[in-house]
Structures are given as C-alpha cells and as structure tokens.
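As provided, start.txt (compact mmCIF, C-alpha atoms) reads as follows.
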# COMPACT_ATOMS: atom_id res chain seq x y z
CA MET A 1 93.10 107.05 134.82
CA LYS A 2 91.92 108.73 131.64
CA PRO A 3 91.21 106.40 128.70
CA THR A 4 93.31 107.21 125.66
CA ILE A 5 92.61 104.05 123.62
CA THR A 6 89.25 102.38 123.10
CA THR A 7 90.41 98.78 123.46
CA LEU A 8 93.53 96.75 122.89
CA THR A 9 92.45 96.70 119.29
CA ALA A 10 92.35 100.44 119.13
CA ALA A 11 95.91 100.38 120.35
CA LEU A 12 96.60 98.49 117.14
CA LEU A 13 95.09 101.18 114.94
CA MET A 14 96.22 104.45 113.51
CA ALA A 15 95.49 108.09 113.87
CA SER A 16 95.42 108.78 110.16
CA SER A 17 93.25 110.58 107.66
CA GLY A 18 89.60 109.77 108.12
CA VAL A 19 90.15 107.76 111.33
CA ASN A 20 89.65 108.99 114.86
CA ALA A 21 91.73 107.00 117.35
CA ALA A 22 89.79 108.42 120.31
CA PRO A 23 87.11 106.25 121.93
CA SER A 24 84.04 106.12 119.71
CA LYS A 25 80.70 107.15 121.16
CA HIS A 26 79.53 103.71 120.05
CA THR A 27 82.08 101.82 122.19
CA GLN A 28 82.58 104.05 125.22
CA GLY A 29 80.23 101.90 127.30
CA ALA A 30 82.44 98.87 126.80
CA SER A 31 85.31 97.87 129.03
CA MET A 32 88.28 99.80 127.70
CA LEU A 33 91.99 99.29 127.97
CA THR A 34 94.10 102.40 128.18
CA ASP A 35 97.64 102.89 126.95
CA ASN A 36 98.70 102.48 130.55
CA ASP A 37 96.79 99.19 130.91
CA ILE A 38 98.76 97.78 128.01
CA ARG A 39 102.01 99.25 129.28
CA LEU A 40 101.53 97.58 132.68
CA VAL A 41 101.51 94.19 130.96
CA SER A 42 103.83 94.80 128.02
CA PRO A 43 105.59 98.12 127.57
CA ALA A 44 107.05 96.81 124.32
CA LEU A 45 103.61 95.95 122.91
CA GLU A 46 102.31 99.41 123.76
CA ARG A 47 105.32 100.94 121.96
CA TYR A 48 104.82 98.77 118.85
CA ALA A 49 101.11 99.55 118.86
CA GLN A 50 101.64 103.28 118.93
CA ASN A 51 104.71 103.59 116.74
CA THR A 52 104.52 100.73 114.26
CA LEU A 53 100.80 100.09 113.77
CA ARG A 54 99.12 103.44 114.40
CA GLY A 55 102.13 105.50 113.45
CA ASP A 56 103.12 103.63 110.30
CA LEU A 57 101.23 100.55 109.04
CA TRP A 58 97.74 102.08 108.84
CA LYS A 59 99.17 105.16 107.11
CA ARG A 60 100.87 103.30 104.26
CA ALA A 61 99.58 104.51 100.91
CA ASP A 62 98.92 101.34 98.90
CA LEU A 63 95.73 100.46 100.77
CA SER A 64 93.05 102.94 101.76
CA PRO A 65 91.78 102.98 105.36
CA ARG A 66 88.57 101.40 104.02
CA ASP A 67 90.50 98.54 102.42
CA ARG A 68 92.59 98.05 105.55
CA SER A 69 89.40 97.78 107.59
CA ILE A 70 87.99 95.20 105.18
CA VAL A 71 91.20 93.16 105.40
CA THR A 72 91.27 93.38 109.20
CA VAL A 73 87.60 92.47 109.63
CA ALA A 74 88.06 89.47 107.31
CA ALA A 75 91.08 88.31 109.30
CA LEU A 76 89.28 88.64 112.64
CA ILE A 77 86.28 86.64 111.41
CA ALA A 78 88.51 84.01 109.80
CA ARG A 79 90.36 83.56 113.10
CA ASN A 80 87.18 83.87 115.20
CA GLN A 81 88.71 86.66 117.29
CA ALA A 82 85.48 88.18 118.57
CA VAL A 83 87.12 90.26 121.30
CA GLU A 84 88.72 92.43 118.60
CA MET A 85 85.57 92.79 116.50
CA PRO A 86 83.60 95.59 118.21
CA ASN A 87 86.22 98.26 117.69
CA HIS A 88 87.11 97.10 114.18
CA PHE A 89 83.48 96.85 113.08
CA ASN A 90 82.97 100.43 114.24
CA LEU A 91 86.22 101.53 112.64
CA ALA A 92 85.21 99.88 109.35
CA LEU A 93 81.94 101.80 109.35
CA ASP A 94 83.80 105.00 110.19
CA ASN A 95 86.23 104.29 107.33
CA GLY A 96 83.45 104.09 104.75
CA VAL A 97 82.42 100.43 104.77
CA LYS A 98 78.64 100.54 104.43
CA PRO A 99 76.45 98.61 106.87
CA GLY A 100 75.23 96.48 103.96
CA GLU A 101 78.80 95.72 102.97
CA LEU A 102 79.73 94.66 106.51
CA SER A 103 76.62 92.46 106.58
CA GLU A 104 77.63 90.92 103.27
CA ILE A 105 81.22 90.33 104.41
CA ILE A 106 79.89 88.26 107.31
CA THR A 107 77.56 86.35 104.98
CA HIS A 108 80.39 85.65 102.54
CA LEU A 109 82.73 84.43 105.26
CA ALA A 110 80.18 81.95 106.57
CA PHE A 111 81.13 79.94 103.47
CA TYR A 112 84.86 80.65 103.52
CA THR A 113 85.61 80.43 107.24
CA GLY A 114 82.68 78.37 108.58
CA TRP A 115 79.22 79.02 109.94
CA ALA A 116 80.32 79.24 113.59
CA ASN A 117 82.80 82.01 112.82
CA ALA A 118 80.05 83.95 111.07
CA MET A 119 77.73 83.46 114.06
CA SER A 120 80.37 84.95 116.36
CA ALA A 121 80.59 87.94 114.04
CA ILE A 122 76.78 88.22 113.89
CA THR A 123 76.64 88.52 117.68
CA VAL A 124 79.07 91.44 117.65
CA ALA A 125 77.60 93.12 114.57
CA LYS A 126 74.10 92.99 116.08
CA GLU A 127 75.34 95.06 119.02
CA THR A 128 77.29 97.41 116.76
CA PHE A 129 74.31 97.99 114.48
CA GLY A 130 72.06 98.57 117.48
CA GLN A 131 74.42 101.14 118.99
CA ARG A 132 74.64 103.01 115.69
CA GLY A 133 70.92 102.85 114.88
CA ILE A 134 71.45 100.71 111.80
CA GLY A 135 68.20 99.00 110.87
CA ILE A 136 67.35 96.09 108.61
CA ASP A 137 66.29 98.60 105.96
CA GLN A 138 70.00 99.43 105.51
CA LEU A 139 71.00 95.79 104.94
CA PRO A 140 70.95 93.65 101.80
CA ALA A 141 67.79 91.64 101.17
CA ALA A 142 67.90 87.88 101.58
CA SER A 143 67.43 87.52 97.82
CA GLU A 144 68.47 90.13 95.30
CA ALA A 145 68.81 90.48 91.55
CA LEU A 146 72.23 89.01 90.89
CA LEU A 147 75.16 90.45 88.98
CA PRO A 148 75.78 89.03 85.48
CA ILE A 149 77.95 85.92 85.41
CA ASP A 150 81.14 85.52 83.37
CA GLU A 151 80.02 82.47 81.43
CA LYS A 152 83.43 81.58 80.00
CA ALA A 153 85.32 81.83 83.29
CA GLU A 154 82.58 80.04 85.20
CA THR A 155 82.45 77.20 82.68
CA GLN A 156 86.22 76.72 83.00
CA ARG A 157 86.03 76.75 86.80
CA ALA A 158 83.06 74.38 87.00
CA THR A 159 84.57 71.95 84.49
CA ALA A 160 87.89 71.80 86.34
CA VAL A 161 86.19 71.22 89.71
CA GLU A 162 83.89 68.54 88.29
CA GLN A 163 86.76 66.69 86.62
CA ASN A 164 88.93 66.80 89.73
CA PHE A 165 86.39 66.18 92.47
CA GLY A 166 83.05 65.14 90.99
CA ALA A 167 83.64 61.48 91.87
CA VAL A 168 85.04 62.33 95.32
CA ALA A 169 82.39 64.65 96.72
CA PRO A 170 79.59 65.41 94.26
CA GLY A 171 77.69 67.31 96.95
CA VAL A 172 80.58 69.72 97.45
CA VAL A 173 80.81 70.23 93.68
CA LYS A 174 77.06 70.89 93.45
CA TYR A 175 76.98 73.46 96.27
CA THR A 176 80.18 75.10 95.02
CA THR A 177 78.49 75.81 91.70
CA ASP A 178 74.88 76.38 92.74
CA VAL A 179 75.35 78.32 95.98
CA LEU A 180 78.80 79.91 95.86
CA PHE A 181 79.50 80.82 92.25
CA HIS A 182 75.94 81.07 90.89
CA ASP A 183 74.58 82.95 93.90
CA LEU A 184 76.87 84.21 96.69
CA TRP A 185 79.58 85.63 94.41
CA LEU A 186 76.94 87.40 92.31
CA ARG A 187 75.20 89.22 95.17
CA PRO A 188 75.49 92.96 94.38
CA ALA A 189 75.84 94.30 97.95
CA LEU A 190 79.60 93.71 97.84
CA ALA A 191 81.56 94.62 94.72
CA PRO A 192 83.45 91.68 93.14
CA ARG A 193 86.79 93.34 93.87
CA ASP A 194 85.90 93.75 97.56
CA ARG A 195 84.47 90.22 97.75
CA SER A 196 87.78 88.93 96.43
CA LEU A 197 89.69 91.12 98.89
CA VAL A 198 87.68 89.58 101.73
CA THR A 199 88.29 86.04 100.45
CA VAL A 200 92.03 86.42 99.93
CA SER A 201 92.45 88.08 103.34
CA ALA A 202 90.53 85.32 105.07
CA LEU A 203 92.46 82.56 103.30
CA ILE A 204 95.81 84.06 104.29
CA ALA A 205 94.64 84.66 107.86
CA ALA A 206 93.44 81.05 108.14
CA GLY A 207 96.59 79.61 106.60
CA GLN A 208 94.69 78.12 103.65
CA VAL A 209 97.63 78.30 101.26
CA ALA A 210 96.29 75.86 98.65
CA GLN A 211 93.33 78.14 97.89
CA ILE A 212 95.23 81.41 97.60
CA SER A 213 96.48 81.09 94.02
CA TYR A 214 93.03 80.80 92.43
CA HIS A 215 91.50 83.52 94.57
CA LEU A 216 94.43 85.94 94.27
CA ASN A 217 94.26 85.64 90.49
CA ARG A 218 90.50 86.16 90.68
CA ALA A 219 91.01 89.20 92.91
CA MET A 220 93.41 90.76 90.43
CA ASP A 221 91.01 89.96 87.57
CA ASN A 222 88.39 91.78 89.65
CA GLY A 223 90.52 94.91 89.93
CA LEU A 224 92.88 94.43 92.88
CA THR A 225 96.28 95.76 91.83
CA GLN A 226 99.57 94.01 92.52
CA ALA A 227 100.61 96.87 94.80
CA GLN A 228 97.38 96.47 96.78
CA ALA A 229 97.76 92.70 96.96
CA SER A 230 101.32 93.16 98.22
CA GLU A 231 100.11 95.55 100.89
CA VAL A 232 97.40 93.09 101.99
CA LEU A 233 100.23 90.69 102.83
CA THR A 234 102.07 93.40 104.75
CA HIS A 235 98.98 94.37 106.72
CA LEU A 236 98.13 90.75 107.54
CA ALA A 237 101.59 90.10 108.92
CA PHE A 238 100.40 92.06 111.95
CA TYR A 239 96.81 90.84 112.08
CA ALA A 240 97.29 87.17 111.16
CA GLY A 241 100.93 86.68 112.12
CA TRP A 242 104.20 86.38 110.24
CA PRO A 243 104.02 82.58 109.74
CA ASN A 244 100.71 82.76 107.86
CA VAL A 245 102.01 85.54 105.64
CA PHE A 246 105.34 83.84 104.95
CA SER A 247 103.41 80.71 103.98
CA ALA A 248 101.42 82.82 101.51
CA LEU A 249 104.38 84.74 100.06
CA PRO A 250 105.62 82.00 97.68
CA VAL A 251 102.10 81.63 96.29
CA ALA A 252 101.73 85.38 95.79
CA LYS A 253 105.18 85.54 94.17
CA ASP A 254 104.19 82.81 91.72
CA VAL A 255 100.91 84.57 90.88
CA PHE A 256 102.62 87.92 90.32
CA GLU A 257 105.31 86.41 88.09
CA LYS A 258 102.86 84.47 85.91
CA ARG A 259 100.36 87.26 85.31
CA PRO A 260 100.77 89.28 82.12
CA ARG A 261 102.30 92.69 82.63
Written form, structure tokens:
Amino acid sequence: MKPTITTLTAALLMASSGVNAAPSKHTQGASMLTDNDIRLVSPALERYAQNTLRGDLWKRADLSPRDRSIVTVAALIARNQAVEMPNHFNLALDNGVKPGELSEIITHLAFYTGWANAMSAITVAKETFGQRGIGIDQLPAASEALLPIDEKAETQRATAVEQNFGAVAPGVVKYTTDVLFHDLWLRPALAPRDRSLVTVSALIAAGQVAQISYHLNRAMDNGLTQAQASEVLTHLAFYAGWPNVFSALPVAKDVFEKRPR
C-alpha cells in the first residue's frame, strides 16, 4: 500500500502554494497513515480532510501558509497534542517559520499553556531539529538584547494588574511584570505581531475566553489585521474545535466593534 499522506495530520493539510503534501524526507521514517488507513476507519473524515482542509481551508487568502502553521503549532502545544506535532513542526519550517522562531514559540507557550505542554513540544522539536540538521547556533540565545518597551502601555497594564490583583497574589503580579512583559515579550527572536498571534491562538485553543480580549487588542496593535484575526478563528474551528471558537466569537466581535476604524 503506497503512502500518499505523511500522517493523519498531513491528511489535515493542504496542497497549496509553498507546501508539499507528499511525505517529507524528514518524516518518512515515522509510522505513516495513508489515505486508505484513514478511509478504513472513517471514510467521511478522509473526505473532509482532502476536500475541506487541504482543498479549501489552507488555501484561503487571509492568512499565509506561514501564519496558518504558526496558528496550528500554537493550538497543538496549547492542547498538548504531541502526536500531531512532528508533521506540523516540519510543515511550519517548510512554510517559512525559522528554527529560532519555532524555538521561541515553544518558549513563549511555556508561560501561556504551562511548562509540561512546552516539555512535550521540546521532545518533538528536538527530533525534528536533529532530522533537519538544525543546530543550537540557529536558535535564540538564552539572553538577548531586548526590544524597546512601550512605556505608556506597559505602565497602564502594570497599574491595572497591581490594582486588581496585587493584594490577591503579589507573586503572580511580580512575575507577570518582571518575567513576561519586561523580558519574554521583548525577546527579538519572535516579532511582536507573531508573538501575539501565538498567544491569541493558544488562548482560543485552550478555551481561555477571559484572556482573549486583552491579547486580541494587543495583537491588532501589533499589526494583526481584523481580516487575519477573523481567519484565525476560522482556522482554529478545525484545529481546536467549534465549541472553543464559538466561545471566542462574542469576545472577538466586541473587540472588532470597539476598535477605531
């Protein structure tokens, strides 16, 4: 039986510009599911995978293949779905996500989805990097010169958090300022717009509705357009499930309506 799809994940990808749906040389040694393997369990799923995901979703114009890979990787890490990661990590690299950016996405999501989720991703990424000959010289340093901080916006954020939660959990407030917003968010290996894209995608995928409004506004301040934000929701309906996206839709609607046009 000749393999036509790398893994079940590859069945959920597209054959579009810049993306090769054939088995990658970096994943051919792995156990692969074919179209027929999927069909033997769920003919309907195989049809949706080919026609809806590969044939339509990944080809939609409002997100580039690179952005779609970033959104998908963030969702997989947020949901700790390691079985899907090898193919999507390779696809992300094929779609133009740099090794240093993938490394930084995992680092970022340790804080936004939990350390254990990041460790699962590290295990997969280590194998992916090894297969592709990606060395530590291609990855961001542990400490780097940070991007400049927006003093006004950061003062407003820090003041609001301190007033609301300083008496409840001063340790959380301290690390939120010192580690997240005065360090992690200023690391240059991931552009602020992409860092926001990762955060929003992970929040939606994890069902963290209360956090979406702040981070979606921040993402759009960082350059994510409304059309792109809308398409993130569409893409995540497939990769995080309709309930998580429908829970996020009222928040996104409110953000879009309140932002100046």
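Note that the spacing between atom CA of Thr159 of chain A and atom CA of Phe181 of chain A amounts to 12.8 Å.
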Checklist entry - Residues at most 12 Å from Leu57 of chain A, counting only C-alpha atoms, excluding those fewer than 3 positions away in the same chain, as number ranges by chain? => result A: 12-16, 48-54, 60-65, 68, 231-239
Residues near Pro86 of chain A, anyone? I mean within 7 Å using all atoms listed in the file, not counting same-chain ones fewer than 4 positions away, as a PDB file with C-alpha atoms, in the frame of the given file.
ATOM      1  CA  ASN A  90      82.970 100.430 114.240  1.00  0.00           C
ATOM      2  CA  VAL A 124      79.070  91.440 117.650  1.00  0.00           C
ATOM      3  CA  THR A 128      77.290  97.410 116.760  1.00  0.00           C
TER       4      THR A 128
END
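Nearest-residue note for Pro243 of chain A: choosing from A:Gly207, A:Ser213, A:Asp56, A:Thr155, the minimum distance belongs to A:Gly207, counting all atoms listed in the file.
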Item to check | Separation of atom CA of Lys258 of chain A from atom CA of Thr177 of chain A in Å | outcome: 26.5 Å
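You will find atom CA of Ala248 of chain A at 21.7 Å from atom CA of Ile105 of chain A.
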How big is the axis-aligned box around all listed atoms of segment 184-197 of chain A once 3 Å goes on each side, and where's its centre, in Å to one decimal, as AutoDock Vina command-line options?
--center_x 82.4 --center_y 89.4 --center_z 95.6 --size_x 20.5 --size_y 16.4 --size_z 12.6
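Using all atoms listed in the file, the shortest contact distance between Val245 of chain A and any of A:Gln208, A:Gln226, A:Thr34, A:Gln163 is found at A:Gln208.
Nearest residue to Gly223 of chain A, choosing from A:Ala125, A:Arg193, A:Ala205, A:Gly114 and counting only C-alpha atoms: A:Arg193.
If you measure from each of A:Ser120, A:Asn164, A:Ser230, A:Ser103 to Pro140 of chain A using all atoms listed in the file, the closest one turns out to be A:Ser103.
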Pick out the residues sitting within 12 Å of Thr176 of chain A, and hand them over as a PDB file with C-alpha atoms, in the frame of the given file; count only C-alpha atoms, and ignore anything fewer than 2 positions along from it in its own chain.
ATOM      1  CA  PHE A 111      81.130  79.940 103.470  1.00  0.00           C
ATOM      2  CA  TYR A 112      84.860  80.650 103.520  1.00  0.00           C
ATOM      3  CA  GLU A 154      82.580  80.040  85.200  1.00  0.00           C
ATOM      4  CA  ARG A 157      86.030  76.750  86.800  1.00  0.00           C
ATOM      5  CA  ALA A 158      83.060  74.380  87.000  1.00  0.00           C
ATOM      6  CA  THR A 159      84.570  71.950  84.490  1.00  0.00           C
ATOM      7  CA  VAL A 161      86.190  71.220  89.710  1.00  0.00           C
ATOM      8  CA  GLU A 162      83.890  68.540  88.290  1.00  0.00           C
ATOM      9  CA  PHE A 165      86.390  66.180  92.470  1.00  0.00           C
ATOM     10  CA  GLY A 166      83.050  65.140  90.990  1.00  0.00           C
ATOM     11  CA  ALA A 169      82.390  64.650  96.720  1.00  0.00           C
ATOM     12  CA  PRO A 170      79.590  65.410  94.260  1.00  0.00           C
ATOM     13  CA  GLY A 171      77.690  67.310  96.950  1.00  0.00           C
ATOM     14  CA  VAL A 172      80.580  69.720  97.450  1.00  0.00           C
ATOM     15  CA  VAL A 173      80.810  70.230  93.680  1.00  0.00           C
ATOM     16  CA  LYS A 174      77.060  70.890  93.450  1.00  0.00           C
ATOM     17  CA  ASP A 178      74.880  76.380  92.740  1.00  0.00           C
ATOM     18  CA  VAL A 179      75.350  78.320  95.980  1.00  0.00           C
ATOM     19  CA  LEU A 180      78.800  79.910  95.860  1.00  0.00           C
ATOM     20  CA  PHE A 181      79.500  80.820  92.250  1.00  0.00           C
ATOM     21  CA  HIS A 182      75.940  81.070  90.890  1.00  0.00           C
ATOM     22  CA  ASP A 183      74.580  82.950  93.900  1.00  0.00           C
ATOM     23  CA  LEU A 184      76.870  84.210  96.690  1.00  0.00           C
ATOM     24  CA  TRP A 185      79.580  85.630  94.410  1.00  0.00           C
TER      25      TRP A 185
END
Checklist entry - Neighbours of Thr113 of chain A within 9 Å (all atoms listed in the file; same-chain residues fewer than 6 positions away dropped), as number ranges by chain? => result A: 77-80, 202-203, 206
Checklist entry - With distances taken over only C-alpha atoms, which of A:Gly130, A:Ala74, A:Val255, A:Asn95 is nearest to Ala118 of chain A? => result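 For Ala118 of chain A, the nearest of the given residues is A:Ala74.
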